[in-house]
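A.B. asks: I'd like to ask you about the structure that follows.
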Amino acid sequence: MQAPVPPSLLRRLAAELAAEARPGLTFMEVCGTHTMAIARAGLRELLPPGLRLVSGPGCPVCVTAMADLDRVIALARMSEITLITFGDLVRVPASRSSLAAERAAGADVRVVYSPHDAVEIAAAEPAREVVFAGVGFETTAPTVAAALMEARQRGLVNFSVLSLHKTMPRPLRALLDLGETPISGFILPGHVSVITGSDCYEFLAREYGVGGVVAGFESHDVLLALLMLVRQREPAIEIEYTRAVRREGNIVAQRLLEHVFEPCAADWRGLGVIAGSGLRLRPEFAGADAAVRFPVEPGPPLEPAGCRCGEVLRGVIDPSDCALFGRRCTPQDPVGACMVSSEGACAARFRYRRLDD
Amino acid sequence: MTDGGRILLGHGSGGRLYRDLVRDVFVRAFANPVLERLDDAAALATHGRIAFTTDAHVVQPLRFAGGDIGRLAVAGTVNDLATAAARPLALAAAFVIEEGFPLDELRAVCASMAATAREVPIPIVTGDTKVVERGACDGLFITTTGVGEIVVQHDVTPAAVRAGDVVILSGSVGDHAVAVIAARGDFNFTAAVESDCAPLWDVVAAAVGAAGVLGLPEAVRFLRDPTRGGLTTVLAELAESAGLGVEVEEEEIPVSPAVRSVCDLLGYDPLTLANEGKMVLVVAAEAADAVLAAVRATEHGRDARRIGVVTAAHPGRVALRTALGTRRVLDMPVGELLPRIC
Amino acid sequence: MCLALPMQILAIDAGVATIAAEGLEQRASLTLVPEARVGDHVLVHAGYAISVLSDDEATETLALLAELAAAAEEEADAGAGPA
């Protein structure tokens with residue numbers, strides 16, 4: 001497979017970037033995994049001073065609305081329900097609790113690595129109502145769809161999904177419409193684009209004059225993508241991550257998504273409700289839809305005082321601009337989702353902070 | 001006593017069943033003159049300062065690639081003594097056993113403890129057994145307490161550390177945690193990883209010996225084994241306690257390819273994962289080469305590396321230099337270890 | 001979002017692949033990449049393969065990298081020699 005790129009070549013890439021980038025550029029990455037990868041490698045240190053890199057709403061946990069988190073908590077509290085989740089959700093603070101706190105109080109909350117494991121749990125424990133809390137973008141939603149189809153094929157009536165899935169292109173449009181931060185170009189999500197392909201981002205160049213490059217997650221991928229963005233003479237959508245991403249994406253996965261889910265409005269923390277940006281189960285899957293089978297009314301959501309996750313997610317402020325950052329809000333004691341999610345901009349900034357921060 | 005069979009509540013009641021269990025399982029496995037007297041307390045002779053430590057072991061599952069709860073219990077306490085530069089003298093072991101626990105498994109755990117103890121060597125001279133009702137404990141809990149003789153005159157502690165001291169790591173990180181996660185079977189993978197669980201007195205003795213030979217008996221300033229919380233926690237606590245900075249090179253920290261693959265898969269950071277057979281040594285710069293060579297000549301320190309330095313810069317903080325030459329702060333991990341998809 | 005690991009398919013049994021990365025073996029569903037074959041390298045996310053990875057030789061990315069590597073060598077050569 002691909003040999004690792006030597007540090008000398010990476011520094012060469014960075015030097016090239018510094019030579020070619022005109023000052024005043026702001027690029028936005030919209031994938032939490034990119035946020036993390038950039039922070040871990042300390043890539044910001046290599047970027048030329050005039051090139052600003054901001055994080056956008058790319059962390060699916062961070063953008064899950066408080067009201068939706070409260071629904072997950074409410075389901076976990078139901079004694080007949082085994083609430084199954086990815087590890088990412090366990091510590092996220094909802095209005096009054098978290099899944100970790102509910103588990104400590106006796107709720108049946110289990111962590112899996114794959115939605116398929118949730119199906120196996122449903123098969124092994126027919127007396128339990130297994131509800132899978134589905135978060136994630138287009139990378140993850142097809143895996144949940146596949147798990148749901150498998151459960152159906154196996155006749156598992158005790159398996160259902162609470163879909164909190166969201167899709168990528170629309171929030172980018174919403175961000176640009178808000179016009180709060182001048183964005184010179186996007187580093188587009190690598191693995192979401194494996195599924196969606198890159199054509200769905202063409203509107204960025206055509207309608208907004210903003211280019212984008214689909215990037216992989218190694219340091220050389222990000223630096224190369226930045227170089228490609230800097231070199232664009234006119235806004236265009238390109239793929240740096242050619243080894244994994246095709247323009248048309250993964251057709252099989254797209255078809256499966258269409259078969260199981262339909263677009264709906266979704267509430268994005270920081271961005272509000274965006275039409276057509278969420279995925280809900282189609283009516284023919286009502287029997288596997290936890291929202292239908294277990295309707296819950298958790299009460300009004302409580303946003304923690306002083307929390308500016310919304311502005312962080314829109315790239316309007318830097319995490320360090322939030323008064324709570326590093327003081328009241330730390331990975332140890334998080335107030336908002338941007339700090340508790342391992343991919344949140346605040347968590348990444350805090351955990352991988354520079355020495356002089 | 002018959003082979004096979006299970007622990008009964010009666011085994012914990014102090015009468016004949018209890019005596020038989022102690023003789024047949026514990027004394028037979030740990031075989032040493034002090035234990036065989038079966039006094040309530042063991043009398044030991046020592047001179048100089050002693051180190052004294054205790055640890056409870058509650059690992060699940062009880063057995064994993066490269067070890068089991070028994071090996072963990074002995075190695076863990078020996079290593080705590082080693083971090084005080086104390087030659088292990090004797091161990092006590094207290095067992096809390098769940099009613100119904102298979103005797104064969106108990107024998108296997110004791111055999112493992114005995115084998116690990118012989119490696120050091122250290123005798124298990126006294127102990128206790130309690131049996132609790134089914135469901136009241138997770139199979140088997142072992143608490144080991146250890147006593148050792150400190151072989152240096154100075155205090156091996158963060159206060160002894162100075163700017164310019166060298167940080168040595170005795171081998172690869174993440175192996176134990178990954179082996180246990182694999183053994184739990186929650187995430188359905190197999191990995192070519194074994195727990196590194198091992199007693200490390202040989203490593204510390206070699207380090208202290210090398211310093212002594214150089215005429216620098218106080219050169220070994222600080223010792224700690226990176227168990228729960230991993231390497232990151234040890235370094236962060238050191239920096240905080242010493243009021244100094246620590247800088248380590250990412251490329252120098254050994255991580256086995258299999259551990260790296262599992263971490264990439266589940267979203268873990270190998271630097272925060274538990275180890276049960278590794279030691280961090282902070283050594284005066286003048287003695288670093290000699291100590292490193294001596295440690296590399298031991299069985300458990302073969303892959304030892306110099307990974308960084310103590311510095312007056314950024315006191316209280318640990319900096320990691322990446323392969324790219326960029327630097328970032330290393331913080332202690334927070335909360336339980338959770339796999340991620342994001 | 002999203003962690004995905006490149007792994008190689010060692011065997012396939014009824015749509016489930018045995019996959020390996022260095023020192024690690026796992027099973028993943030091929031539901032989303034039914035065209036995948038034994039020997040292919042795939043990207044695996046949450047227990048499902050999501051893409052068959054293409055050989056790097058033919059990609060623009062490597063060409064760009066090679067161009068930069070060549071430029072780096074030229075610079076190094078130019079810089080060498082007596083001070």
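Residue numbers start at 1 in each chain; chains themselves are named A, B, ... in the order of the structure tokens; ligands are numbered from 1 in the order shown.
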Under the rule of at most 6 Å, produce a per-residue listing of chain B near chain C: chain, number, name, the closest pair of atoms, and the distance in Å, as a tab-separated table, using only C-alpha atoms.

C.D. replies:
```
residue	atom	partner	partner_atom	distance
B:Phe189	CA	C:Gln26	CA	4.5
B:Thr190	CA	C:Glu25	CA	5.1
B:Ala191	CA	C:Leu24	CA	4.3
B:Ala192	CA	C:Gly23	CA	4.9
B:Pro257	CA	C:Glu22	CA	5.9
B:Ala258	CA	C:Gly23	CA	4.0
B:Leu265	CA	C:Leu5	CA	5.9
B:Ile341	CA	C:Leu3	CA	5.3
B:Cys342	CA	C:Met1	CA	3.9
```

A.B. asks: Excluding stretch 83-91 of chain B and residues on its chain fewer than 2 positions from it, collect all residues at most 6 Å away from it, counting only C-alpha atoms, and give them as a VMD selection string.

C.D. replies: chain B and resid 80 to 81 122 to 124 145 to 151 223 to 224

A.B. asks: Could you dump the residues just selected with N, CA and C atoms as a PDB file, in the first residue's frame?

C.D. replies:
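out18.pdb, written as the output of this step:
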```pdb
ATOM      1  N   ASP B  80       5.895  -1.792  41.606  1.00  0.00           N
ATOM      2  CA  ASP B  80       5.733  -0.645  42.496  1.00  0.00           C
ATOM      3  C   ASP B  80       6.927  -0.535  43.433  1.00  0.00           C
ATOM      4  N   LEU B  81       7.405  -1.680  43.943  1.00  0.00           N
ATOM      5  CA  LEU B  81       8.598  -1.668  44.794  1.00  0.00           C
ATOM      6  C   LEU B  81       9.793  -1.189  43.975  1.00  0.00           C
ATOM      7  N   ILE B 122      10.922 -13.603  44.386  1.00  0.00           N
ATOM      8  CA  ILE B 122      10.336 -13.045  45.596  1.00  0.00           C
ATOM      9  C   ILE B 122       9.383 -14.089  46.181  1.00  0.00           C
ATOM     10  N   PRO B 123       9.464 -14.344  47.492  1.00  0.00           N
ATOM     11  CA  PRO B 123       8.544 -15.333  48.060  1.00  0.00           C
ATOM     12  C   PRO B 123       7.203 -14.699  48.416  1.00  0.00           C
ATOM     13  N   ILE B 124       6.139 -15.477  48.260  1.00  0.00           N
ATOM     14  CA  ILE B 124       4.818 -15.061  48.743  1.00  0.00           C
ATOM     15  C   ILE B 124       4.670 -15.694  50.110  1.00  0.00           C
ATOM     16  N   THR B 145       0.382  -7.164  48.531  1.00  0.00           N
ATOM     17  CA  THR B 145       1.119  -6.153  49.268  1.00  0.00           C
ATOM     18  C   THR B 145       2.565  -6.569  49.253  1.00  0.00           C
ATOM     19  N   GLY B 146       3.469  -5.624  49.056  1.00  0.00           N
ATOM     20  CA  GLY B 146       4.868  -5.993  48.921  1.00  0.00           C
ATOM     21  C   GLY B 146       5.770  -5.174  49.815  1.00  0.00           C
ATOM     22  N   VAL B 147       6.859  -5.800  50.197  1.00  0.00           N
ATOM     23  CA  VAL B 147       7.868  -5.123  51.015  1.00  0.00           C
ATOM     24  C   VAL B 147       9.201  -5.274  50.300  1.00  0.00           C
ATOM     25  N   GLY B 148       9.983  -4.178  50.287  1.00  0.00           N
ATOM     26  CA  GLY B 148      11.274  -4.259  49.609  1.00  0.00           C
ATOM     27  C   GLY B 148      12.318  -3.458  50.337  1.00  0.00           C
ATOM     28  N   GLU B 149      13.572  -3.720  50.018  1.00  0.00           N
ATOM     29  CA  GLU B 149      14.693  -3.033  50.660  1.00  0.00           C
ATOM     30  C   GLU B 149      15.234  -2.006  49.689  1.00  0.00           C
ATOM     31  N   ILE B 150      15.200  -0.740  50.076  1.00  0.00           N
ATOM     32  CA  ILE B 150      15.661   0.313  49.170  1.00  0.00           C
ATOM     33  C   ILE B 150      17.177   0.236  49.051  1.00  0.00           C
ATOM     34  N   VAL B 151      17.662   0.177  47.816  1.00  0.00           N
ATOM     35  CA  VAL B 151      19.100  -0.059  47.596  1.00  0.00           C
ATOM     36  C   VAL B 151      19.857   1.220  47.270  1.00  0.00           C
ATOM     37  N   LEU B 223      11.624   6.925  38.885  1.00  0.00           N
ATOM     38  CA  LEU B 223      11.191   5.682  38.256  1.00  0.00           C
ATOM     39  C   LEU B 223       9.682   5.588  38.360  1.00  0.00           C
ATOM     40  N   ARG B 224       9.023   5.200  37.297  1.00  0.00           N
ATOM     41  CA  ARG B 224       7.573   4.985  37.393  1.00  0.00           C
ATOM     42  C   ARG B 224       7.177   4.012  36.297  1.00  0.00           C
TER      43      ARG B 224
END
```

A.B. asks: Which residues are close to stretch 80-97 of chain A, i.e. within 9 Å by only C-alpha atoms, leaving aside same-chain residues fewer than 6 positions away? Reply as an mmCIF file with N, CA and C atoms, in the first residue's frame.

C.D. replies:
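Written out: out_1.cif:
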```cif
data_model
loop_
_atom_site.group_PDB
_atom_site.id
_atom_site.type_symbol
_atom_site.label_atom_id
_atom_site.label_comp_id
_atom_site.auth_asym_id
_atom_site.auth_seq_id
_atom_site.Cartn_x
_atom_site.Cartn_y
_atom_site.Cartn_z
ATOM 1 N N VAL A 61 -21.011 14.557 16.411
ATOM 2 C CA VAL A 61 -21.456 14.605 17.798
ATOM 3 C C VAL A 61 -21.679 16.058 18.209
ATOM 4 N N CYS A 62 -20.736 16.929 17.832
ATOM 5 C CA CYS A 62 -20.816 18.338 18.216
ATOM 6 C C CYS A 62 -22.065 19.004 17.644
ATOM 7 N N MET A 66 -29.177 19.653 21.270
ATOM 8 C CA MET A 66 -29.442 19.258 22.650
ATOM 9 C C MET A 66 -30.743 18.472 22.762
ATOM 10 N N ALA A 67 -31.765 18.913 22.023
ATOM 11 C CA ALA A 67 -33.052 18.224 22.082
ATOM 12 C C ALA A 67 -32.909 16.767 21.644
ATOM 13 N N ASP A 68 -32.065 16.524 20.638
ATOM 14 C CA ASP A 68 -31.861 15.150 20.167
ATOM 15 C C ASP A 68 -31.088 14.336 21.196
ATOM 16 N N LEU A 69 -30.095 14.948 21.818
ATOM 17 C CA LEU A 69 -29.366 14.246 22.869
ATOM 18 C C LEU A 69 -30.319 13.863 24.001
ATOM 19 N N ASP A 70 -31.228 14.779 24.314
ATOM 20 C CA ASP A 70 -32.197 14.495 25.382
ATOM 21 C C ASP A 70 -33.093 13.323 25.022
ATOM 22 N N VAL A 72 -32.174 10.743 23.260
ATOM 23 C CA VAL A 72 -31.367 9.538 23.480
ATOM 24 C C VAL A 72 -31.354 9.174 24.962
ATOM 25 N N ILE A 73 -31.194 10.188 25.814
ATOM 26 C CA ILE A 73 -31.200 9.955 27.268
ATOM 27 C C ILE A 73 -32.531 9.372 27.703
ATOM 28 N N ALA A 107 -28.919 2.305 33.857
ATOM 29 C CA ALA A 107 -29.487 2.110 32.519
ATOM 30 C C ALA A 107 -28.645 1.112 31.740
ATOM 31 N N ASP A 108 -29.291 0.387 30.823
ATOM 32 C CA ASP A 108 -28.589 -0.597 30.004
ATOM 33 C C ASP A 108 -28.052 0.110 28.761
ATOM 34 N N VAL A 109 -26.857 0.676 28.899
ATOM 35 C CA VAL A 109 -26.215 1.398 27.807
ATOM 36 C C VAL A 109 -24.985 0.609 27.396
ATOM 37 N N ARG A 110 -24.866 0.296 26.113
ATOM 38 C CA ARG A 110 -23.716 -0.487 25.665
ATOM 39 C C ARG A 110 -23.035 0.191 24.491
ATOM 40 N N VAL A 111 -21.717 0.038 24.461
ATOM 41 C CA VAL A 111 -20.914 0.658 23.406
ATOM 42 C C VAL A 111 -20.503 -0.401 22.398
ATOM 43 N N VAL A 112 -20.639 -0.084 21.125
ATOM 44 C CA VAL A 112 -20.175 -0.989 20.078
ATOM 45 C C VAL A 112 -19.257 -0.241 19.132
ATOM 46 N N TYR A 113 -18.466 -1.017 18.400
ATOM 47 C CA TYR A 113 -17.618 -0.440 17.365
ATOM 48 C C TYR A 113 -18.371 -0.432 16.037
ATOM 49 N N SER A 114 -19.261 -1.401 15.838
ATOM 50 C CA SER A 114 -19.962 -1.514 14.562
ATOM 51 C C SER A 114 -21.460 -1.677 14.787
ATOM 52 N N PRO A 115 -22.307 -1.060 13.928
ATOM 53 C CA PRO A 115 -23.754 -1.264 14.063
ATOM 54 C C PRO A 115 -24.128 -2.739 13.918
ATOM 55 N N ALA A 118 -24.597 -4.358 17.163
ATOM 56 C CA ALA A 118 -25.894 -4.087 17.786
ATOM 57 C C ALA A 118 -26.931 -5.100 17.311
ATOM 58 N N ALA A 122 -29.160 -7.770 19.506
ATOM 59 C CA ALA A 122 -30.609 -7.958 19.381
ATOM 60 C C ALA A 122 -30.951 -9.431 19.176
ATOM 61 N N ALA A 127 -35.498 -10.700 24.358
ATOM 62 C CA ALA A 127 -36.417 -10.067 25.304
ATOM 63 C C ALA A 127 -36.160 -8.572 25.453
ATOM 64 N N ARG A 128 -35.036 -8.104 24.951
ATOM 65 C CA ARG A 128 -34.697 -6.691 25.097
ATOM 66 C C ARG A 128 -35.085 -5.926 23.840
ATOM 67 N N GLU A 129 -35.493 -4.674 24.012
ATOM 68 C CA GLU A 129 -35.706 -3.792 22.880
ATOM 69 C C GLU A 129 -34.378 -3.079 22.624
ATOM 70 N N VAL A 130 -33.747 -3.416 21.516
ATOM 71 C CA VAL A 130 -32.438 -2.852 21.230
ATOM 72 C C VAL A 130 -32.603 -1.617 20.354
ATOM 73 N N VAL A 131 -32.173 -0.476 20.871
ATOM 74 C CA VAL A 131 -32.261 0.768 20.104
ATOM 75 C C VAL A 131 -30.845 1.259 19.829
ATOM 76 N N PHE A 132 -30.542 1.469 18.551
ATOM 77 C CA PHE A 132 -29.227 1.949 18.180
ATOM 78 C C PHE A 132 -29.302 3.442 17.901
ATOM 79 N N ALA A 133 -28.488 4.216 18.620
ATOM 80 C CA ALA A 133 -28.476 5.668 18.405
ATOM 81 C C ALA A 133 -27.551 5.968 17.240
ATOM 82 N N GLY A 134 -28.146 6.292 16.099
ATOM 83 C CA GLY A 134 -27.340 6.490 14.897
ATOM 84 C C GLY A 134 -26.888 7.927 14.727
ATOM 85 N N VAL A 135 -25.608 8.198 14.992
ATOM 86 C CA VAL A 135 -25.043 9.513 14.677
ATOM 87 C C VAL A 135 -24.002 9.318 13.593
ATOM 88 N N PRO A 300 -38.027 20.801 27.581
ATOM 89 C CA PRO A 300 -37.247 21.796 26.844
ATOM 90 C C PRO A 300 -35.742 21.602 27.063
ATOM 91 N N PRO A 301 -34.962 21.716 25.973
ATOM 92 C CA PRO A 301 -33.513 21.534 26.109
ATOM 93 C C PRO A 301 -32.872 22.712 26.831
ATOM 94 N N LEU A 302 -31.807 22.416 27.557
ATOM 95 C CA LEU A 302 -31.096 23.464 28.292
ATOM 96 C C LEU A 302 -29.705 23.632 27.710
ATOM 97 N N GLU A 303 -29.462 24.782 27.124
ATOM 98 C CA GLU A 303 -28.098 25.043 26.670
ATOM 99 C C GLU A 303 -27.294 25.547 27.855
ATOM 100 N N PRO A 304 -26.112 25.027 28.066
ATOM 101 C CA PRO A 304 -25.320 25.492 29.216
ATOM 102 C C PRO A 304 -24.939 26.963 29.059
ATOM 103 N N PRO A 334 -16.169 18.863 30.639
ATOM 104 C CA PRO A 334 -16.653 19.590 29.465
ATOM 105 C C PRO A 334 -18.017 20.215 29.701
ATOM 106 N N VAL A 335 -18.210 21.390 29.148
ATOM 107 C CA VAL A 335 -19.524 22.030 29.202
ATOM 108 C C VAL A 335 -20.281 21.725 27.918
ATOM 109 N N GLY A 336 -19.629 21.929 26.791
ATOM 110 C CA GLY A 336 -20.290 21.742 25.507
ATOM 111 C C GLY A 336 -19.720 20.577 24.725
ATOM 112 N N ALA A 337 -20.463 20.207 23.683
ATOM 113 C CA ALA A 337 -20.089 19.040 22.881
ATOM 114 C C ALA A 337 -18.755 19.230 22.173
ATOM 115 N N MET A 339 -16.136 20.243 23.242
ATOM 116 C CA MET A 339 -15.022 19.880 24.121
ATOM 117 C C MET A 339 -15.056 18.403 24.461
ATOM 118 N N VAL A 340 -16.211 17.825 24.558
ATOM 119 C CA VAL A 340 -16.255 16.439 24.987
ATOM 120 C C VAL A 340 -16.014 15.475 23.834
ATOM 121 N N SER A 341 -16.438 15.874 22.635
ATOM 122 C CA SER A 341 -16.209 14.994 21.507
ATOM 123 C C SER A 341 -14.735 14.990 21.182
ATOM 124 N N SER A 342 -14.193 13.816 20.964
ATOM 125 C CA SER A 342 -12.761 13.741 20.707
ATOM 126 C C SER A 342 -12.384 14.472 19.432
ATOM 127 N N GLY B 335 -11.193 10.289 31.633
ATOM 128 C CA GLY B 335 -12.324 9.375 31.594
ATOM 129 C C GLY B 335 -11.974 7.995 31.070
ATOM 130 N N LEU B 337 -11.736 4.659 28.619
ATOM 131 C CA LEU B 337 -11.266 4.446 27.263
ATOM 132 C C LEU B 337 -12.461 4.022 26.407
ATOM 133 N N LEU B 338 -12.779 4.791 25.386
ATOM 134 C CA LEU B 338 -13.931 4.466 24.550
ATOM 135 C C LEU B 338 -13.514 4.419 23.086
ATOM 136 N N PRO B 339 -13.992 3.433 22.336
ATOM 137 C CA PRO B 339 -13.663 3.395 20.911
ATOM 138 C C PRO B 339 -14.467 4.456 20.164
ATOM 139 N N ARG B 340 -13.934 4.916 19.078
ATOM 140 C CA ARG B 340 -14.614 5.969 18.319
ATOM 141 C C ARG B 340 -14.822 5.508 16.899
ATOM 142 N N ILE B 341 -15.857 6.086 16.259
ATOM 143 C CA ILE B 341 -15.949 5.922 14.819
ATOM 144 C C ILE B 341 -15.617 7.237 14.138
ATOM 145 N N CYS B 342 -15.626 8.298 14.916
ATOM 146 C CA CYS B 342 -15.331 9.598 14.353
ATOM 147 C C CYS B 342 -13.894 9.988 14.734
#
```

A.B. asks: Against chain A, which residues of chain B fall within 12 Å? For each one I want the closest pair of atoms and the distance in Å (one decimal), counting only C-alpha atoms, rows by chain and increasing residue number, as a Markdown table.

C.D. replies:
```
| residue | atom | partner | partner_atom | distance |
| --- | --- | --- | --- | --- |
| B:Gly185 | CA | A:Val112 | CA | 11.1 |
| B:Asp186 | CA | A:Val112 | CA | 7.4 |
| B:Phe187 | CA | A:Tyr113 | CA | 6.2 |
| B:Asn188 | CA | A:Asp117 | CA | 9.0 |
| B:Phe189 | CA | A:Tyr113 | CA | 10.8 |
| B:Thr232 | CA | A:Arg351 | CA | 11.9 |
| B:Gly245 | CA | A:Leu355 | CA | 10.5 |
| B:Val246 | CA | A:Leu355 | CA | 11.4 |
| B:Glu247 | CA | A:Leu355 | CA | 10.7 |
| B:Glu250 | CA | A:Ala41 | CA | 10.4 |
| B:Glu251 | CA | A:Pro7 | CA | 11.2 |
| B:Val262 | CA | A:Tyr113 | CA | 12.0 |
| B:Asp264 | CA | A:Ala37 | CA | 11.8 |
| B:Leu265 | CA | A:Tyr113 | CA | 9.3 |
| B:Leu266 | CA | A:Tyr113 | CA | 7.4 |
| B:Gly267 | CA | A:Ser342 | CA | 9.3 |
| B:Tyr268 | CA | A:Ser342 | CA | 10.3 |
| B:Asp269 | CA | A:Arg40 | CA | 10.6 |
| B:Ala313 | CA | A:Leu355 | CA | 9.7 |
| B:His314 | CA | A:Leu355 | CA | 7.2 |
| B:Pro315 | CA | A:Leu355 | CA | 10.4 |
| B:Gly316 | CA | A:Leu355 | CA | 11.0 |
| B:Arg317 | CA | A:Leu355 | CA | 8.0 |
| B:Val318 | CA | A:Leu355 | CA | 8.7 |
| B:Ala319 | CA | A:Leu355 | CA | 7.0 |
| B:Leu320 | CA | A:Tyr352 | CA | 9.6 |
| B:Arg321 | CA | A:Gly42 | CA | 9.0 |
| B:Thr322 | CA | A:Ala41 | CA | 6.5 |
| B:Ala323 | CA | A:Pro7 | CA | 6.3 |
| B:Leu324 | CA | A:Pro7 | CA | 5.2 |
| B:Gly325 | CA | A:Pro7 | CA | 8.2 |
| B:Thr326 | CA | A:Gly42 | CA | 5.3 |
| B:Arg327 | CA | A:Gly42 | CA | 6.2 |
| B:Arg328 | CA | A:Arg354 | CA | 4.9 |
| B:Val329 | CA | A:Tyr352 | CA | 5.6 |
| B:Leu330 | CA | A:Arg351 | CA | 7.0 |
| B:Asp331 | CA | A:Arg351 | CA | 6.3 |
| B:Met332 | CA | A:Arg351 | CA | 9.0 |
| B:Pro333 | CA | A:Gln332 | CA | 8.4 |
| B:Val334 | CA | A:Gln332 | CA | 5.5 |
| B:Gly335 | CA | A:Gln332 | CA | 7.3 |
| B:Glu336 | CA | A:Arg91 | CA | 9.4 |
| B:Leu337 | CA | A:Gly87 | CA | 8.8 |
| B:Leu338 | CA | A:Gly87 | CA | 5.1 |
| B:Pro339 | CA | A:Gly87 | CA | 5.1 |
| B:Arg340 | CA | A:Gly87 | CA | 5.2 |
| B:Ile341 | CA | A:Phe86 | CA | 6.9 |
| B:Cys342 | CA | A:Thr33 | CA | 6.4 |
```

A.B. asks: Do a neighbour search on stretch 277-283 of chain A at 8 Å with only C-alpha atoms, toss out local chain neighbours closer than 2 positions, and write the hits as an MDAnalysis selection string.

C.D. replies: chainID A and resid 163:171 259:266 274:275 285:286 289

A.B. asks: Using only N, CA and C atoms, please write the residues we just selected to a file, as a compact mmCIF listing (two decimals), in the first residue's frame.

C.D. replies:
```
# COMPACT_ATOMS: atom_id res chain seq x y z
N SER A 163 -32.53 7.59 14.27
CA SER A 163 -31.65 8.23 13.31
C SER A 163 -31.42 9.69 13.63
N LEU A 164 -30.17 10.00 13.95
CA LEU A 164 -29.77 11.40 14.14
C LEU A 164 -28.76 11.77 13.05
N HIS A 165 -28.80 10.95 11.97
CA HIS A 165 -27.81 11.16 10.90
C HIS A 165 -28.04 12.46 10.17
N LYS A 166 -26.94 13.04 9.72
CA LYS A 166 -27.01 14.29 8.96
C LYS A 166 -26.16 14.15 7.71
N THR A 167 -26.43 14.99 6.73
CA THR A 167 -25.68 14.92 5.48
C THR A 167 -24.91 16.21 5.25
N MET A 168 -23.89 16.08 4.45
CA MET A 168 -22.90 17.13 4.38
C MET A 168 -23.20 18.33 3.49
N PRO A 169 -23.51 18.23 2.24
CA PRO A 169 -23.41 19.45 1.42
C PRO A 169 -24.25 20.62 1.93
N ARG A 170 -25.43 20.40 2.46
CA ARG A 170 -26.31 21.53 2.82
C ARG A 170 -25.76 22.47 3.88
N PRO A 171 -25.13 21.94 4.96
CA PRO A 171 -24.61 22.90 5.95
C PRO A 171 -23.55 23.81 5.36
N HIS A 259 -32.66 3.74 -0.17
CA HIS A 259 -33.64 2.69 0.08
C HIS A 259 -34.17 2.76 1.51
N VAL A 260 -33.29 3.08 2.44
CA VAL A 260 -33.66 3.03 3.86
C VAL A 260 -34.06 4.40 4.41
N PHE A 261 -33.36 5.44 3.96
CA PHE A 261 -33.57 6.78 4.53
C PHE A 261 -34.19 7.72 3.52
N GLU A 262 -34.79 8.78 4.05
CA GLU A 262 -35.20 9.90 3.18
C GLU A 262 -34.73 11.20 3.83
N PRO A 263 -34.49 12.23 3.01
CA PRO A 263 -34.02 13.49 3.59
C PRO A 263 -35.11 14.12 4.46
N CYS A 264 -34.70 14.83 5.48
CA CYS A 264 -35.64 15.55 6.33
C CYS A 264 -34.92 16.76 6.88
N ALA A 265 -35.66 17.64 7.54
CA ALA A 265 -35.01 18.78 8.18
C ALA A 265 -34.24 18.28 9.39
N ALA A 266 -33.13 18.90 9.68
CA ALA A 266 -32.36 18.50 10.86
C ALA A 266 -31.89 19.74 11.59
N ILE A 274 -31.81 23.05 9.28
CA ILE A 274 -31.45 23.12 7.85
C ILE A 274 -32.29 22.10 7.12
N ALA A 275 -33.06 22.57 6.15
CA ALA A 275 -33.95 21.67 5.41
C ALA A 275 -33.13 20.64 4.66
N PHE A 285 -40.09 1.49 6.92
CA PHE A 285 -39.24 0.95 7.98
C PHE A 285 -39.71 1.40 9.36
N ALA A 286 -40.95 1.81 9.45
CA ALA A 286 -41.47 2.32 10.72
C ALA A 286 -41.28 1.32 11.85
N ASP A 289 -38.04 1.95 13.37
CA ASP A 289 -37.76 3.35 13.65
C ASP A 289 -38.05 3.65 15.11
```

A.B. asks: Excluding same-chain residues fewer than 5 positions from C:Asp40, what lies within 10 Å of it counting only C-alpha atoms, as a list in words?

C.D. replies: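 Residues near the query, excluding close chain neighbours: Met7, Gln8, Ile9, Leu10, Ile19, Glu35, Val52, Leu53, Ser54 and Asp55 of chain C.
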
A.B. asks: Could you write out the selected residues, including C-alpha atoms, as a short mmCIF file (atom, residue, chain, number, x, y, z; two decimals), in the first residue's frame?

C.D. replies:
```cif
data_model
loop_
_atom_site.label_atom_id
_atom_site.label_comp_id
_atom_site.auth_asym_id
_atom_site.auth_seq_id
_atom_site.Cartn_x
_atom_site.Cartn_y
_atom_site.Cartn_z
CA MET C 7 -6.98 -3.23 5.40
CA GLN C 8 -6.39 -6.11 3.01
CA ILE C 9 -8.94 -8.83 2.25
CA LEU C 10 -7.59 -12.26 3.10
CA ILE C 19 -9.37 -8.47 6.64
CA GLU C 35 -17.17 -5.88 -6.10
CA VAL C 52 -11.82 -0.42 -2.55
CA LEU C 53 -8.52 1.45 -2.53
CA SER C 54 -6.87 2.00 -5.85
CA ASP C 55 -3.26 1.47 -6.59
#
```

A.B. asks: Which of these residues is nearest to chain C, using only C-alpha atoms: A:Gly197, A:Pro23, A:Pro182, A:Pro48?

C.D. replies: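 Checking each candidate against chain C, we get A:Gly197 as the closest.
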
A.B. asks: DSSP says helix (DSSP H, G or I) for which residues of stretch 192-228 of chain B? Put them as JSON, numbers by chain?

C.D. replies: {"B": [201, 202, 203, 204, 205, 206, 207, 208, 209, 210, 211, 212, 213]}
